[in-house]
Structures are given as C-alpha cells and as structure tokens.
Amino acid sequence: MVNPLVLHPDRLFPVDPTIRNIARSLYANVIDLPIVSPHGHTDPEWWATDNSFGNATELLLHPDHYVFRMLYSQGVELEDLGIGNPDADPRKSWRLFAERYHLFRGTPSRIWLDWVFAESFGIDVQLGADTADFYYETITNALATDAFRPRALFERYNIEVIATTESPLDDLRHHRAIRESGWGGRVITAYRPDPVIDPEFEGFRDNLGVLGDLTGEDCFSWQGYLAAHRKRRAFFAEMGATSTDHGHPTARTADLPTAEAEALFARVTGENVRAEDAELFRAQMLTEMAGMSVEDGLVMQLHPGVYRNHNRKLFERFGRDKGADIPLPCEYVHALRPLLDRFGNDTDFTFILFTLDETTYSRELAPLAGHYPALKLGPAWWFNDSPEGMRRFREMTTETAGFYNTVGFNDDTRAFLSIPARHDVARRMDCGFLARLVAEHRLDEYEAAELAVDLAYNLAKQAYKL
C-alpha cells in the first residue's frame, strides 16, 4: 500500500500549544538564514567539476554511513548496496534500501531523508517496496538536469560557506580548481592531520615519507616533523582553511620536555610501536597543534572518544568510515589539563571540543567551557546529532556554560542533501528549547529571537572565523 509523504509544519516543535506557538514565531526568523557548514566530510570534487551526481544511489546511499550501517545491521551486504563494488546495479541497491525503509522509523536518518524526498524532489508518497522504482527514476531524472548539479544545489540551499576535511597529504587540487573556476560559492578545507599524527593509523611511516616529500623537511626528525606541519598548515590556510580537526581515541594531552618528546618520536617512528607510546604521542601532538594554532590562528577542533573501525572484517574489505566507529567513555578534566595549562587562558586561541559521551556534558564539559576563555563546546555530534541528542545537549550544558560558550550547529556529514535537512532539524529543536525558556519566563521573547539567530548562524561564523 502506498502511503502519503507529508512534512508536518510543526514537526519537532513542543506539544504544549503555548510553547509551540512561541517556537513557530522564533523559527520564522531563522528558517531562511544562510547555512554555515563549518565542518564536514563532503567531497570538494563535487564543486570543482560540477558533474551530475549520477543516480539516486550515488547521491543518497553510497556517501551516507548512517544509512548503510543500519542496512548492514539487518543483514544486507555492503557489496549489494554498491559499497566497494562498482559492478553492483544501482537500481537493485536502491530497491534493497527502499524495501527496508521501515528500519529507519524514529531515527534521525528518516527525518533527514523524508525532508530530502519532499523538499528537494517534490515526492509526496512514502518510500517503500512499491515506490522504489518511482523514487529511483524521479531522483535520477532530476539529477540529470542542470538544476541538480552540485553548484546549483549549493546556491539553491543558500549555503554561505562549507568546509570539507582533508589530510595533510592531500594536494587540494579540487579546492584550487574551485578557486580558479570563477564560481562564487565558498568551499574551504580543514586540516585533519590524523594520518601523520596517529602512529596506529595504517601506513603511518609511509605517510611521514610523503609528508617529507611535500614539504622538503626530514619528517623522521622531531624538529623537521614539526616544521612540516607548520608548512602544510600554512598551505591549507592559503587555500582557505580556518580550522584544524583531530579525531583521537581519547582526549588525553601531554606537555613533555623537548628531549622526552624527541625520544618518544624516535620510538613511534620505529618498528613495533607500543600502544602506550602511540597514545602518549597523540597526546603530545594535541598540545603541539594547539601551540601552532596560537601561532597561525587556525581554530582547533577535537573529536575524541571513538573506537574507529571496530568491525575488523569491514575495515579490511572496505577501509575507513563504513559505519563501524563506536563511542567510548571519555574523561576530560585530567586529560585536557596539560593543554589547557599552556593555552586555555589565551583569548586568541579557539579550541572547540566535541564528545559522544553524553555523561560528560554537565559533569565535565560545561564547567570547563564555562571557565576557560579558549574552550568552546561543539554541539551534539554524530550519534547525538539527533532531535533528542540536541535537546539533551542544551539541557545539560546551558545552565553552566550558557549559549555563548557553544558554537552553533555543526552538521558533520558526507551526504550533501542532508545538510539543509540537518540544519532545519537543529533550528527547529533550538527554537523549541528557547520557546520553553520563554514560556517559563526565564527569557524574554526578544532575547530568544536573538539567540535563535545566533545559534543558527552567528556563533558558527564567529567561532570558526568565517
């Protein structure tokens, strides 16, 4: 049976009619604000070439590990979805997805996808087995038109700026092509040095060799290695970067004397690196990166507390980022102290901290951000990038850190069309939260209106120097 697809205008707003009316009014002030997307994993080649996305599967299924991890959990092989399998029939892959769309009920992915189907493609029936081919043809036919090329969609959704994320080993050719094309869209990079900072990253020693070739520095000496980072950071800044990003298993930082740091570097660049040395080196490098941010002004982001590539079988078959990154408990008070002792009081340094461990919001993160001038809290991220996750973030951080020690919304996505969908969810949830404060007479409505704009737009621009 075919069911209608209708996006209710009051979706995600509070049920109480008084609060809902206030939320509607606040939302009306932010619905049309430009999108600032300060950190994500979209592909800059989309805007460099402006080529068609191809078909529905390539656009919505292949880039989105939120989607294919759910399907994999229910027994669908990634090869059958076309992941790592260029010979897969994209229409058959789409049918596998459509037949199982009910698996996404109640999830953020369902909210985002329904928005894309209705708002981007004008579809008014729900996705399912009976509508799979209709969806595939409608979306794929639209993608063949100029209106659905990457640059046109960028402009259609009023994206003011979007930051992608690249390794120091990336030559940034796509960013250069965007810049030289004369197109007015602002797509910038962010410096993600994990492949040359994490001794447990696959190919670490080879990566150092490439870094040395790119910079002309001896990346197997401590001072040459640090100099290479400074050169690549400068190159990224020249190509538009305003931030760095670091994905570490923990939030541990260290501040070793130079001689000890040199000895540690010699150990982690040798054979058979010990796990404790790898962790200490990552910790030292967070503090080194903070020092470089003080020097060059790049905003520093840290995304700790994740066991990356937990499913060894999938990692060996398909590589990174296939939906098997699992949250870990994470401690921050002791872990961050070496870095904060050095740089936490520096008002010219911006350090944006994220977590997947919600238990630390009110106990550790909000008190830290409510004290140190350099520290700001990133909003609910990844698994917590959801309506309830957003609500919990505000409820657990606002009383201690306030709104202005947070940085607006960070969509952190690989799927292009989920960006406006995610921002719409964030704006609705924040307006609902602010509306409750107004109804409880904890905020005046004019203050809530100002805050709604700040949370949707201003704070991200300020924090990321955009």
# chains A, B, ... in the order shown; residues from 1 in each chain; ligands from 1
$ residues_around --residues "Thr242 (chain A)" --least-positions-apart "3" --cutoff "8 Å" --atoms "only C-alpha atoms" --output "list in words"
Thr189, Ala190, Ala237, Gly297, Leu298, Val299, Tyr464, Lys465 and Leu466 of chain A
$ select_by_dssp --residues "region 82-232 of chain A" --states "helix (DSSP H, G or I)" --output "JSON, numbers by chain"
{"A": [90, 91, 92, 93, 94, 95, 96, 97, 98, 99, 101, 102, 103, 104, 108, 109, 110, 111, 112, 113, 114, 115, 116, 117, 118, 119, 120, 129, 130, 131, 132, 133, 134, 135, 136, 137, 138, 139, 140, 141, 142, 143, 146, 147, 148, 150, 151, 152, 153, 154, 155, 156, 173, 174, 175, 176, 177, 178, 179, 180, 181, 194, 195, 196, 197, 204, 205, 206, 207, 208, 209, 210, 211, 212, 213, 214, 215, 222, 223, 224, 225, 226, 227, 228, 229, 230, 231, 232]}
$ residues_around --residues "His8 (chain A)" --least-positions-apart "5" --cutoff "12 Å" --atoms "only C-alpha atoms" --output "list in words"
Phe13, Ile111, Asp114, Trp115 and Ala118 of chain A
$ write_last_selection --atoms "N, CA and C atoms" --output "PDB file, in the first residue's frame"
ATOM      1  N   PHE A  13       8.444  20.510  17.012  1.00  0.00           N
ATOM      2  CA  PHE A  13       8.118  21.548  17.980  1.00  0.00           C
ATOM      3  C   PHE A  13       7.459  20.925  19.214  1.00  0.00           C
ATOM      4  N   ILE A 111      14.118  11.371   9.349  1.00  0.00           N
ATOM      5  CA  ILE A 111      13.738  12.783   9.290  1.00  0.00           C
ATOM      6  C   ILE A 111      14.470  13.482   8.154  1.00  0.00           C
ATOM      7  N   ASP A 114      13.313  12.018   4.573  1.00  0.00           N
ATOM      8  CA  ASP A 114      11.976  12.466   4.182  1.00  0.00           C
ATOM      9  C   ASP A 114      12.008  13.928   3.756  1.00  0.00           C
ATOM     10  N   TRP A 115      12.818  14.740   4.435  1.00  0.00           N
ATOM     11  CA  TRP A 115      12.947  16.151   4.047  1.00  0.00           C
ATOM     12  C   TRP A 115      13.515  16.241   2.628  1.00  0.00           C
ATOM     13  N   ALA A 118      10.864  15.112   0.005  1.00  0.00           N
ATOM     14  CA  ALA A 118       9.749  16.037  -0.178  1.00  0.00           C
ATOM     15  C   ALA A 118      10.208  17.407  -0.659  1.00  0.00           C
TER      16      ALA A 118
END
$ closest_residue --among "A:Asp255, A:Asp454, A:Glu200, A:Asp444" --to "Asp430 (chain A)" --atoms "only C-alpha atoms"
A:Asp454
$ closest_residue --among "A:Thr250, A:Ser73, A:Thr131, A:Ser386" --to "Asn3 (chain A)" --atoms "only C-alpha atoms"
A:Thr131
$ closest_residue --among "A:Phe354, A:Tyr457, A:Phe204, A:Phe134" --to "Val273 (chain A)" --atoms "only C-alpha atoms"
A:Phe204
$ select_by_dssp --residues "region 105-248 of chain A" --states "strand (DSSP E or B)" --output "PyMOL selection string"
chain A and resi 125+159-163+166+187-188+191+243-246
$ write_last_selection --atoms "N, CA and C atoms" --output "PDB file, in the first residue's frame"
ATOM      1  N   VAL A 125       4.758  10.638  -1.866  1.00  0.00           N
ATOM      2  CA  VAL A 125       4.396   9.311  -1.358  1.00  0.00           C
ATOM      3  C   VAL A 125       5.612   8.748  -0.634  1.00  0.00           C
ATOM      4  N   ILE A 159      23.706  28.106   0.841  1.00  0.00           N
ATOM      5  CA  ILE A 159      24.888  27.769   1.626  1.00  0.00           C
ATOM      6  C   ILE A 159      25.900  28.903   1.479  1.00  0.00           C
ATOM      7  N   GLU A 160      26.215  29.524   2.570  1.00  0.00           N
ATOM      8  CA  GLU A 160      27.156  30.646   2.553  1.00  0.00           C
ATOM      9  C   GLU A 160      28.597  30.152   2.498  1.00  0.00           C
ATOM     10  N   VAL A 161      28.892  29.108   3.253  1.00  0.00           N
ATOM     11  CA  VAL A 161      30.240  28.543   3.268  1.00  0.00           C
ATOM     12  C   VAL A 161      30.137  27.105   3.740  1.00  0.00           C
ATOM     13  N   ILE A 162      30.971  26.249   3.151  1.00  0.00           N
ATOM     14  CA  ILE A 162      31.054  24.867   3.605  1.00  0.00           C
ATOM     15  C   ILE A 162      32.514  24.488   3.697  1.00  0.00           C
ATOM     16  N   ALA A 163      32.886  23.837   4.795  1.00  0.00           N
ATOM     17  CA  ALA A 163      34.255  23.377   4.987  1.00  0.00           C
ATOM     18  C   ALA A 163      34.298  21.868   4.817  1.00  0.00           C
ATOM     19  N   GLU A 166      40.419  17.585   4.827  1.00  0.00           N
ATOM     20  CA  GLU A 166      41.445  16.889   4.058  1.00  0.00           C
ATOM     21  C   GLU A 166      42.680  16.567   4.904  1.00  0.00           C
ATOM     22  N   VAL A 187      33.821  27.225  -0.761  1.00  0.00           N
ATOM     23  CA  VAL A 187      34.120  25.885  -0.265  1.00  0.00           C
ATOM     24  C   VAL A 187      35.560  25.906   0.224  1.00  0.00           C
ATOM     25  N   ILE A 188      35.763  25.669   1.505  1.00  0.00           N
ATOM     26  CA  ILE A 188      37.103  25.749   2.081  1.00  0.00           C
ATOM     27  C   ILE A 188      37.484  24.393   2.686  1.00  0.00           C
ATOM     28  N   TYR A 191      42.209  21.257   8.097  1.00  0.00           N
ATOM     29  CA  TYR A 191      43.433  20.458   8.234  1.00  0.00           C
ATOM     30  C   TYR A 191      43.197  19.301   9.199  1.00  0.00           C
ATOM     31  N   SER A 243      40.380  26.207  10.129  1.00  0.00           N
ATOM     32  CA  SER A 243      40.349  25.302  11.276  1.00  0.00           C
ATOM     33  C   SER A 243      41.165  24.051  11.021  1.00  0.00           C
ATOM     34  N   THR A 244      41.505  23.387  12.120  1.00  0.00           N
ATOM     35  CA  THR A 244      42.061  22.037  12.089  1.00  0.00           C
ATOM     36  C   THR A 244      41.062  21.116  12.778  1.00  0.00           C
ATOM     37  N   ASP A 245      41.224  19.820  12.546  1.00  0.00           N
ATOM     38  CA  ASP A 245      40.309  18.851  13.150  1.00  0.00           C
ATOM     39  C   ASP A 245      41.100  17.613  13.525  1.00  0.00           C
ATOM     40  N   HIS A 246      40.804  17.050  14.702  1.00  0.00           N
ATOM     41  CA  HIS A 246      41.582  15.941  15.226  1.00  0.00           C
ATOM     42  C   HIS A 246      40.641  14.879  15.778  1.00  0.00           C
TER      43      HIS A 246
END
$ residues_around --residues "region 400-414 of chain A" --least-positions-apart "2" --cutoff "7 Å" --atoms "only C-alpha atoms" --output "list of chain:residue names"
A:Ser37, A:Pro38, A:His39, A:Gly40, A:His41, A:Thr42, A:Pro63, A:Asp64, A:Ala366, A:Pro367, A:Ala369, A:Gly370, A:Lys376, A:Leu377, A:Gly378, A:Pro379, A:Thr397, A:Thr398, A:Phe416, A:Ile419, A:Arg422, A:Ala426, A:Leu455, A:Ala456, A:Tyr457, A:Leu459, A:Ala460, A:Ala463
